[in-house]
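Q: I'd like to ask some things about the structure below.
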Amino acid sequence: TYLRQTEQRLAQAGFPEAAREARLLLAHLLCQSPAAVPLWPGSLAPAQQAALEGYVLRRLAGEPLQYVLGETEFMSLPFAVNPAVLIPRGDTERIVEAAIARLRAWPGPLRIADLCCGSGAIGVSLAHFLPHAQVWASDISAAALEVAQANAAQNGVAERMHFLQGDLFAPFAGLPPFAAILANPPYIPSGEMPQLQAEVQREPALALDGGSDGLDYY
């Protein structure tokens, strides 16, 4: 079957989670849940075969799985991702969870700033889980802001989010104070960038390179 063939090709190329990735690729192609893929009868139209081959070749070339799929999950919410944005990591969920715990009972208007927002994972998640919040999200990259805006719309929080382009605090000049300011800025020392995993090096350097000691933004 296509599922087994895809798994074998990925496994032979050294991908440790070949079975899971094969299911995700087929699920994306068929617009089904990964759990349903093993029950699928196994026939593909020519266009679907070509699309699957494209997915596999991109993966074999080292493109991150999330970019191939065009999406990932963060805080149990769907997020579109592409090479313009860093792929949200599970570790970053701790920032969101801590903020929710502190801000859930915030008295009065709740204004939150999300600097270096990238895909919007932090800001969109906060707007989702704190329905009384207004979130201002900024990034220096116009392409990243396009992704973040799409994710705000996809998760139904666009009307409570405001997107600003600029470097760190620059676009917030003149705005009233915020109850919380969150950020996940670049933090990798420049000298370590060439030693990052090959897949990570496919993510935008603008979102990773934190200067000579990794602390420029801090």
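Residues are referred to by chain and number: the chain letter is A, B, ... according to the order shown in the structure tokens, the number counts from 1 in that chain, and ligands are numbered separately from 1 in the order shown.
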List the neighbours of Ser141 of chain A out to 12 Å using only C-alpha atoms; skip same-chain residues closer than 6 positions along the sequence, and give me the result as a list of chain:residue names.

A: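 Residues meeting the cut-off are A:Pro83, A:Ala84, A:Val85, A:Leu86, A:Leu115, A:Cys116, A:Cys117, A:Gly118, A:Ser119, A:Val147, A:Ala148, A:Phe163, A:Leu164, A:Gln165, A:Gly166, A:Asp167, A:Leu168, A:Pro204, A:Ala205, A:Leu206, A:Ala207.
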
Q: Which of segment 25-201 of chain A counts as helix (DSSP H, G or I) under DSSP, as JSON, numbers by chain please?

A: {"A": [25, 26, 27, 28, 29, 30, 34, 35, 36, 37, 38, 39, 46, 47, 48, 49, 50, 51, 52, 53, 54, 55, 56, 57, 58, 59, 60, 65, 66, 67, 68, 69, 90, 91, 92, 93, 94, 95, 96, 97, 98, 99, 100, 101, 102, 103, 121, 122, 123, 124, 125, 126, 127, 128, 129, 142, 143, 144, 145, 146, 147, 148, 149, 150, 151, 152, 153, 154, 158, 159, 160, 170, 171, 172, 190, 191, 192, 193, 194, 195, 200, 201]}

Q: Residues near Arg20 of chain A, anyone? I mean within 9 Å using only C-alpha atoms, not counting same-chain ones fewer than 5 positions away, as a ChimeraX atom specification.

A: /A:7,25,34

Q: Kindly save the residues from that selection, with all heavy atoms included, as a PDB file, in the first residue's frame.

A:
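What follows is the written file selection15.pdb:
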ATOM      1  N   GLU A   7       6.227   4.724   4.338  1.00  0.00           N
ATOM      2  CA  GLU A   7       6.949   4.441   5.586  1.00  0.00           C
ATOM      3  C   GLU A   7       8.313   3.821   5.283  1.00  0.00           C
ATOM      4  O   GLU A   7       9.328   4.209   5.886  1.00  0.00           O
ATOM      5  CB  GLU A   7       6.125   3.496   6.459  1.00  0.00           C
ATOM      6  CG  GLU A   7       6.816   3.107   7.756  1.00  0.00           C
ATOM      7  CD  GLU A   7       6.005   2.126   8.587  1.00  0.00           C
ATOM      8  OE1 GLU A   7       4.790   1.979   8.324  1.00  0.00           O
ATOM      9  OE2 GLU A   7       6.581   1.515   9.499  1.00  0.00           O
ATOM     10  N   LEU A  25       1.399  12.267   6.474  1.00  0.00           N
ATOM     11  CA  LEU A  25       1.416  12.699   5.076  1.00  0.00           C
ATOM     12  C   LEU A  25       0.178  12.192   4.333  1.00  0.00           C
ATOM     13  O   LEU A  25      -0.453  12.930   3.581  1.00  0.00           O
ATOM     14  CB  LEU A  25       2.691  12.203   4.383  1.00  0.00           C
ATOM     15  CG  LEU A  25       4.000  12.878   4.820  1.00  0.00           C
ATOM     16  CD1 LEU A  25       5.194  12.174   4.208  1.00  0.00           C
ATOM     17  CD2 LEU A  25       3.999  14.354   4.443  1.00  0.00           C
ATOM     18  N   PRO A  34      -5.201  10.996  11.134  1.00  0.00           N
ATOM     19  CA  PRO A  34      -4.149   9.969  11.041  1.00  0.00           C
ATOM     20  C   PRO A  34      -4.627   8.598  11.497  1.00  0.00           C
ATOM     21  O   PRO A  34      -4.190   7.574  10.955  1.00  0.00           O
ATOM     22  CB  PRO A  34      -3.054  10.516  11.964  1.00  0.00           C
ATOM     23  CG  PRO A  34      -3.254  12.000  11.938  1.00  0.00           C
ATOM     24  CD  PRO A  34      -4.740  12.194  11.864  1.00  0.00           C
TER      25      PRO A  34
END

Q: Residues at most 8 Å from segment 153-155 of chain A, counting only C-alpha atoms, excluding those fewer than 2 positions away in the same chain, as a list in words?

A: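 That gives Leu77, Pro78, Phe79, Val124, His128, Gln149, Ala150, Asn151, Val157 and Ala158 of chain A.
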
Q: Give me the residues within 10 Å of Gln5 of chain A as a count of residues only, counting only C-alpha atoms and dropping any in the same chain fewer than 5 places off.

A: 3

Q: Out of A:Gly70, A:Pro185, A:Pro171, A:Gly211, which residue has the shortest atom-to-atom distance to Thr92 of chain A when counting only C-alpha atoms?

A: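 Nearest to Thr92 of chain A: A:Pro185.
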
Q: Can you pull out the residues contacting Leu110 of chain A? Cut-off 12 Å, using only C-alpha atoms, and skip same-chain residues under 6 positions away; I want them as a list in words.

A: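 Listing them by chain and then by number gives Ala99, Ile100, Arg102, Leu103, Arg104, Leu126, Ala127, Leu130, Pro131, His132, Ala133, Gln134, Val135, Trp136, Arg160, Pro176, Pro177, Phe178, Ala179, Ala180 and Ile181 of chain A.
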
Q: Taking into account only C-alpha atoms, which residue in the set A:Tyr2, A:Phe172, A:Tyr187, A:Phe74 is nearest to Glu97 of chain A?

A: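 Distance minimum relative to Glu97 of chain A lands on A:Phe74.
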
Q: Point out the residue among A:Glu63, A:Glu192, A:Glu203, A:Glu159 with the least atom-to-atom distance to Ile87 of chain A, counting only C-alpha atoms.

A: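 Of A:Glu63, A:Glu192, A:Glu203, A:Glu159, the one nearest Ile87 of chain A, counting only C-alpha atoms, is A:Glu203.
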
Q: Using DSSP on the backbone coordinates, identify all residues within segment 121-158 of chain A classified as strand (DSSP E or B); present the result as an NGL selection string.

A: :A and (133-139)

Q: A:Pro16, A:Gly108, A:Gly214, A:Gly120: which is nearest Val96 of chain A, counting only C-alpha atoms?

A: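 Closest to Val96 of chain A of all the choices is A:Gly120.
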
Q: Give me the residues near Gln49 of chain A as a VMD selection string, where near means some atom within 12 Å (using only C-alpha atoms) and where sequence neighbours in that chain fewer than 4 positions away do not count.

A: chain A and resid 1 to 3 5 to 6 25 to 26 29 to 30 42 to 45 53 to 56

Q: Keeping only N, CA and C atoms, take the residues you just selected and write them out as a PDB file, in the first residue's frame.

A:
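Result saved to result12.pdb:
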ATOM      1  N   THR A   1       0.838  -1.193   0.000  1.00  0.00           N
ATOM      2  CA  THR A   1       0.000   0.000   0.000  1.00  0.00           C
ATOM      3  C   THR A   1       0.879   1.251   0.000  1.00  0.00           C
ATOM      4  N   TYR A   2       0.258   2.393  -0.308  1.00  0.00           N
ATOM      5  CA  TYR A   2       1.001   3.653  -0.310  1.00  0.00           C
ATOM      6  C   TYR A   2       1.524   3.990   1.083  1.00  0.00           C
ATOM      7  N   LEU A   3       0.748   3.643   2.093  1.00  0.00           N
ATOM      8  CA  LEU A   3       1.183   3.926   3.468  1.00  0.00           C
ATOM      9  C   LEU A   3       2.460   3.156   3.779  1.00  0.00           C
ATOM     10  N   GLN A   5       4.584   1.789   1.629  1.00  0.00           N
ATOM     11  CA  GLN A   5       5.677   2.228   0.761  1.00  0.00           C
ATOM     12  C   GLN A   5       6.296   3.539   1.255  1.00  0.00           C
ATOM     13  N   THR A   6       5.432   4.475   1.679  1.00  0.00           N
ATOM     14  CA  THR A   6       5.925   5.758   2.181  1.00  0.00           C
ATOM     15  C   THR A   6       6.732   5.550   3.447  1.00  0.00           C
ATOM     16  N   LEU A  25       1.399  12.267   6.474  1.00  0.00           N
ATOM     17  CA  LEU A  25       1.416  12.699   5.076  1.00  0.00           C
ATOM     18  C   LEU A  25       0.178  12.192   4.333  1.00  0.00           C
ATOM     19  N   LEU A  26      -0.165  10.920   4.547  1.00  0.00           N
ATOM     20  CA  LEU A  26      -1.363  10.373   3.896  1.00  0.00           C
ATOM     21  C   LEU A  26      -2.622  11.039   4.440  1.00  0.00           C
ATOM     22  N   LEU A  29      -2.974  14.363   2.796  1.00  0.00           N
ATOM     23  CA  LEU A  29      -3.362  14.203   1.403  1.00  0.00           C
ATOM     24  C   LEU A  29      -4.843  13.853   1.265  1.00  0.00           C
ATOM     25  N   LEU A  30      -5.322  12.981   2.159  1.00  0.00           N
ATOM     26  CA  LEU A  30      -6.692  12.471   2.059  1.00  0.00           C
ATOM     27  C   LEU A  30      -7.696  13.283   2.863  1.00  0.00           C
ATOM     28  N   GLY A  42      -6.629   2.249   0.075  1.00  0.00           N
ATOM     29  CA  GLY A  42      -5.309   2.286  -0.545  1.00  0.00           C
ATOM     30  C   GLY A  42      -5.235   2.678  -1.992  1.00  0.00           C
ATOM     31  N   SER A  43      -6.299   3.190  -2.592  1.00  0.00           N
ATOM     32  CA  SER A  43      -6.236   3.612  -3.983  1.00  0.00           C
ATOM     33  C   SER A  43      -6.112   5.127  -4.070  1.00  0.00           C
ATOM     34  N   LEU A  44      -5.249   5.588  -4.958  1.00  0.00           N
ATOM     35  CA  LEU A  44      -5.044   7.020  -5.150  1.00  0.00           C
ATOM     36  C   LEU A  44      -5.223   7.375  -6.615  1.00  0.00           C
ATOM     37  N   ALA A  45      -5.848   8.513  -6.856  1.00  0.00           N
ATOM     38  CA  ALA A  45      -5.939   9.038  -8.217  1.00  0.00           C
ATOM     39  C   ALA A  45      -4.551   9.502  -8.646  1.00  0.00           C
ATOM     40  N   GLU A  53       4.041  11.914  -3.885  1.00  0.00           N
ATOM     41  CA  GLU A  53       5.446  11.827  -4.276  1.00  0.00           C
ATOM     42  C   GLU A  53       6.154  13.147  -3.994  1.00  0.00           C
ATOM     43  N   GLY A  54       5.473  14.258  -4.248  1.00  0.00           N
ATOM     44  CA  GLY A  54       6.056  15.561  -3.947  1.00  0.00           C
ATOM     45  C   GLY A  54       6.318  15.734  -2.467  1.00  0.00           C
ATOM     46  N   TYR A  55       5.363  15.327  -1.638  1.00  0.00           N
ATOM     47  CA  TYR A  55       5.543  15.418  -0.188  1.00  0.00           C
ATOM     48  C   TYR A  55       6.768  14.617   0.251  1.00  0.00           C
ATOM     49  N   VAL A  56       6.857  13.377  -0.241  1.00  0.00           N
ATOM     50  CA  VAL A  56       7.947  12.492   0.173  1.00  0.00           C
ATOM     51  C   VAL A  56       9.296  13.049  -0.268  1.00  0.00           C
TER      52      VAL A  56
END

Q: Report, in Å to a single decimal, how far apart atom CA of Leu65 of chain A and atom CA of Glu17 of chain A are.

A: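 Distance reported for this atom pair: 10.9 Å.
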